[in-house]
Amino acid sequence: MTFVVIDKCIKCKYTDCVEVCPVDCFYEGENMLVIDPDECIDCGVCEPECPIEAIKSDEELESGEDKWLDMNAKFAALWPNITKAKEPLKDADDWSDKDGKEEHLSTAPGTGDE
């Protein structure tokens with residue numbers, strides 16, 4: 001089992017989850033975070049920290065969400081590691097309850113820890 005960030009994170013990028021991760025397995029894109037499934041130790045402490053429920057166990061993924069396991073692995077290999085909380089994106093509250101945000105995913109890396 002591993003934990004996965006799904007499309008709910010896109011255009012929000014709340015980082016409450018990052019600081020509680022004991023193995024620093026979060027990676028930052030321009031407009032979302034991902035978890036490296038090979039580094040995740042399945043502790044689950046990040047899941048309740050996400051204010052918009054964008055983190056799920058791979059066993060809880062619903063139909064159509066299973067692709068996010070591969071997406072997390074792919075982008076964790078490309079994006080910088082993030083271990084410290086930052087402010088969410090400027091319009092995060094406006095986007096937090098929207099569905100179907102995958103079309104807004106930016107594949108550009110974030111800044112990681114500065």
# chains A, B, ... in the order shown; residues from 1 in each chain; ligands from 1
$ residues_around --residues "Thr107 (chain A)" --least-positions-apart "5" --cutoff "8 Å" --atoms "only C-alpha atoms" --output "PyMOL selection string"
chain A and resi 29-30+75
$ residues_around --residues "region 48-58 of chain A" --least-positions-apart "6" --cutoff "6 Å" --atoms "only C-alpha atoms" --output "ChimeraX atom specification"
/A:2-6,8-9,16-17
$ select_by_dssp --residues "region 3-59 of chain A" --states "alpha helix (DSSP H)" --output "PyMOL selection string"
chain A and resi 16-20
$ write_last_selection --atoms "N, CA and C atoms" --output "PDB file, in the first residue's frame"
ATOM      1  N   ASP A  16       0.054  21.278   4.006  1.00  0.00           N
ATOM      2  CA  ASP A  16      -0.048  20.818   5.392  1.00  0.00           C
ATOM      3  C   ASP A  16       0.539  19.418   5.543  1.00  0.00           C
ATOM      4  N   CYS A  17       0.367  18.607   4.525  1.00  0.00           N
ATOM      5  CA  CYS A  17       0.808  17.210   4.518  1.00  0.00           C
ATOM      6  C   CYS A  17       2.320  17.064   4.527  1.00  0.00           C
ATOM      7  N   VAL A  18       3.004  18.016   3.958  1.00  0.00           N
ATOM      8  CA  VAL A  18       4.443  17.916   3.739  1.00  0.00           C
ATOM      9  C   VAL A  18       5.221  17.845   5.055  1.00  0.00           C
ATOM     10  N   GLU A  19       4.874  18.696   5.994  1.00  0.00           N
ATOM     11  CA  GLU A  19       5.647  18.768   7.240  1.00  0.00           C
ATOM     12  C   GLU A  19       5.471  17.554   8.145  1.00  0.00           C
ATOM     13  N   VAL A  20       4.382  16.827   7.998  1.00  0.00           N
ATOM     14  CA  VAL A  20       4.173  15.662   8.866  1.00  0.00           C
ATOM     15  C   VAL A  20       4.779  14.388   8.305  1.00  0.00           C
TER      16      VAL A  20
END
$ atom_distance --atom1 "CA of Thr111 (chain A)" --atom2 "CA of Asn81 (chain A)"
8.7 Å
$ atom_distance --atom1 "CA of Ala73 (chain A)" --atom2 "CA of Leu33 (chain A)"
11.4 Å
$ closest_residue --among "A:Met32, A:Thr15, A:Ala85, A:Tyr27" --to "His104 (chain A)" --atoms "only C-alpha atoms"
A:Met32
$ closest_residue --among "A:Leu89, A:Met1, A:Lys98, A:Leu105" --to "Tyr14 (chain A)" --atoms "only C-alpha atoms"
A:Leu89
$ select_by_dssp --residues "chain A" --states "strand (DSSP E)" --output "PDB file with N, CA and C atoms, in the first residue's frame"
ATOM      1  N   PHE A   3       0.325   5.868  -0.397  1.00  0.00           N
ATOM      2  CA  PHE A   3      -0.624   6.964  -0.481  1.00  0.00           C
ATOM      3  C   PHE A   3      -0.365   7.747  -1.758  1.00  0.00           C
ATOM      4  N   VAL A   4      -1.427   8.351  -2.283  1.00  0.00           N
ATOM      5  CA  VAL A   4      -1.422   8.968  -3.601  1.00  0.00           C
ATOM      6  C   VAL A   4      -2.113  10.327  -3.518  1.00  0.00           C
ATOM      7  N   VAL A   5      -1.552  11.314  -4.190  1.00  0.00           N
ATOM      8  CA  VAL A   5      -2.219  12.607  -4.336  1.00  0.00           C
ATOM      9  C   VAL A   5      -3.025  12.543  -5.627  1.00  0.00           C
ATOM     10  N   PHE A  26       7.270  13.821  -0.493  1.00  0.00           N
ATOM     11  CA  PHE A  26       6.456  14.709  -1.321  1.00  0.00           C
ATOM     12  C   PHE A  26       7.332  15.466  -2.313  1.00  0.00           C
ATOM     13  N   TYR A  27       6.775  15.654  -3.495  1.00  0.00           N
ATOM     14  CA  TYR A  27       7.467  16.366  -4.563  1.00  0.00           C
ATOM     15  C   TYR A  27       6.523  17.426  -5.107  1.00  0.00           C
ATOM     16  N   GLU A  28       7.103  18.572  -5.502  1.00  0.00           N
ATOM     17  CA  GLU A  28       6.297  19.745  -5.839  1.00  0.00           C
ATOM     18  C   GLU A  28       6.324  20.080  -7.318  1.00  0.00           C
ATOM     19  N   LEU A  33       1.067  18.735  -5.685  1.00  0.00           N
ATOM     20  CA  LEU A  33       2.087  17.898  -5.063  1.00  0.00           C
ATOM     21  C   LEU A  33       1.860  16.455  -5.475  1.00  0.00           C
ATOM     22  N   VAL A  34       2.893  15.631  -5.357  1.00  0.00           N
ATOM     23  CA  VAL A  34       2.765  14.190  -5.548  1.00  0.00           C
ATOM     24  C   VAL A  34       3.572  13.484  -4.459  1.00  0.00           C
ATOM     25  N   ILE A  35       3.288  12.202  -4.290  1.00  0.00           N
ATOM     26  CA  ILE A  35       4.002  11.354  -3.346  1.00  0.00           C
ATOM     27  C   ILE A  35       4.770  10.306  -4.140  1.00  0.00           C
ATOM     28  N   ILE A  55      -5.536  13.343  -0.716  1.00  0.00           N
ATOM     29  CA  ILE A  55      -4.608  12.222  -0.503  1.00  0.00           C
ATOM     30  C   ILE A  55      -5.426  10.996  -0.136  1.00  0.00           C
ATOM     31  N   LYS A  56      -5.150   9.896  -0.836  1.00  0.00           N
ATOM     32  CA  LYS A  56      -5.857   8.643  -0.586  1.00  0.00           C
ATOM     33  C   LYS A  56      -4.871   7.483  -0.576  1.00  0.00           C
ATOM     34  N   SER A  57      -5.259   6.443   0.130  1.00  0.00           N
ATOM     35  CA  SER A  57      -4.522   5.188   0.044  1.00  0.00           C
ATOM     36  C   SER A  57      -4.764   4.620  -1.346  1.00  0.00           C
TER      37      SER A  57
END
$ closest_residue --among "A:Asp70, A:Glu65, A:Glu87, A:Asp42" --to "Glu102 (chain A)" --atoms "only C-alpha atoms"
A:Glu65
$ decode --residues "region 83-96 of chain A" --atoms "N, CA, C and O atoms" --output "mmCIF file, in the first residue's frame"
data_model
loop_
_atom_site.group_PDB
_atom_site.id
_atom_site.type_symbol
_atom_site.label_atom_id
_atom_site.label_comp_id
_atom_site.auth_asym_id
_atom_site.auth_seq_id
_atom_site.Cartn_x
_atom_site.Cartn_y
_atom_site.Cartn_z
ATOM 1 N N THR A 83 9.854 19.637 1.682
ATOM 2 C CA THR A 83 9.767 19.139 3.056
ATOM 3 C C THR A 83 9.213 20.169 4.030
ATOM 4 O O THR A 83 9.000 19.860 5.191
ATOM 5 N N LYS A 84 9.007 21.384 3.549
ATOM 6 C CA LYS A 84 8.507 22.460 4.409
ATOM 7 C C LYS A 84 7.213 23.022 3.836
ATOM 8 O O LYS A 84 7.075 23.177 2.629
ATOM 9 N N ALA A 85 6.295 23.334 4.728
ATOM 10 C CA ALA A 85 5.014 23.900 4.302
ATOM 11 C C ALA A 85 5.217 25.281 3.694
ATOM 12 O O ALA A 85 6.117 26.022 4.078
ATOM 13 N N LYS A 86 4.375 25.583 2.726
ATOM 14 C CA LYS A 86 4.345 26.888 2.069
ATOM 15 C C LYS A 86 2.893 27.345 2.029
ATOM 16 O O LYS A 86 1.983 26.563 2.279
ATOM 17 N N GLU A 87 2.703 28.559 1.630
ATOM 18 C CA GLU A 87 1.345 29.051 1.417
ATOM 19 C C GLU A 87 0.736 28.316 0.228
ATOM 20 O O GLU A 87 1.439 28.010 -0.741
ATOM 21 N N PRO A 88 -0.563 28.020 0.276
ATOM 22 C CA PRO A 88 -1.199 27.406 -0.899
ATOM 23 C C PRO A 88 -1.215 28.397 -2.062
ATOM 24 O O PRO A 88 -0.891 29.578 -1.896
ATOM 25 N N LEU A 89 -1.597 27.909 -3.213
ATOM 26 C CA LEU A 89 -1.711 28.793 -4.371
ATOM 27 C C LEU A 89 -2.731 29.890 -4.099
ATOM 28 O O LEU A 89 -3.670 29.705 -3.321
ATOM 29 N N LYS A 90 -2.553 31.001 -4.762
ATOM 30 C CA LYS A 90 -3.361 32.196 -4.508
ATOM 31 C C LYS A 90 -4.869 31.931 -4.584
ATOM 32 O O LYS A 90 -5.627 32.412 -3.748
ATOM 33 N N ASP A 91 -5.314 31.175 -5.557
ATOM 34 C CA ASP A 91 -6.743 30.912 -5.747
ATOM 35 C C ASP A 91 -7.164 29.547 -5.207
ATOM 36 O O ASP A 91 -8.192 29.011 -5.614
ATOM 37 N N ALA A 92 -6.401 28.983 -4.295
ATOM 38 C CA ALA A 92 -6.664 27.628 -3.798
ATOM 39 C C ALA A 92 -8.079 27.473 -3.251
ATOM 40 O O ALA A 92 -8.760 26.487 -3.553
ATOM 41 N N ASP A 93 -8.538 28.423 -2.488
ATOM 42 C CA ASP A 93 -9.877 28.305 -1.912
ATOM 43 C C ASP A 93 -10.961 28.302 -2.989
ATOM 44 O O ASP A 93 -11.984 27.644 -2.839
ATOM 45 N N ASP A 94 -10.732 28.996 -4.082
ATOM 46 C CA ASP A 94 -11.698 29.023 -5.180
ATOM 47 C C ASP A 94 -11.741 27.681 -5.920
ATOM 48 O O ASP A 94 -12.757 27.310 -6.490
ATOM 49 N N TRP A 95 -10.627 26.960 -5.928
ATOM 50 C CA TRP A 95 -10.521 25.697 -6.662
ATOM 51 C C TRP A 95 -10.748 24.468 -5.793
ATOM 52 O O TRP A 95 -10.911 23.362 -6.312
ATOM 53 N N SER A 96 -10.749 24.617 -4.486
ATOM 54 C CA SER A 96 -10.732 23.465 -3.582
ATOM 55 C C SER A 96 -11.922 22.523 -3.719
ATOM 56 O O SER A 96 -11.786 21.331 -3.476
#
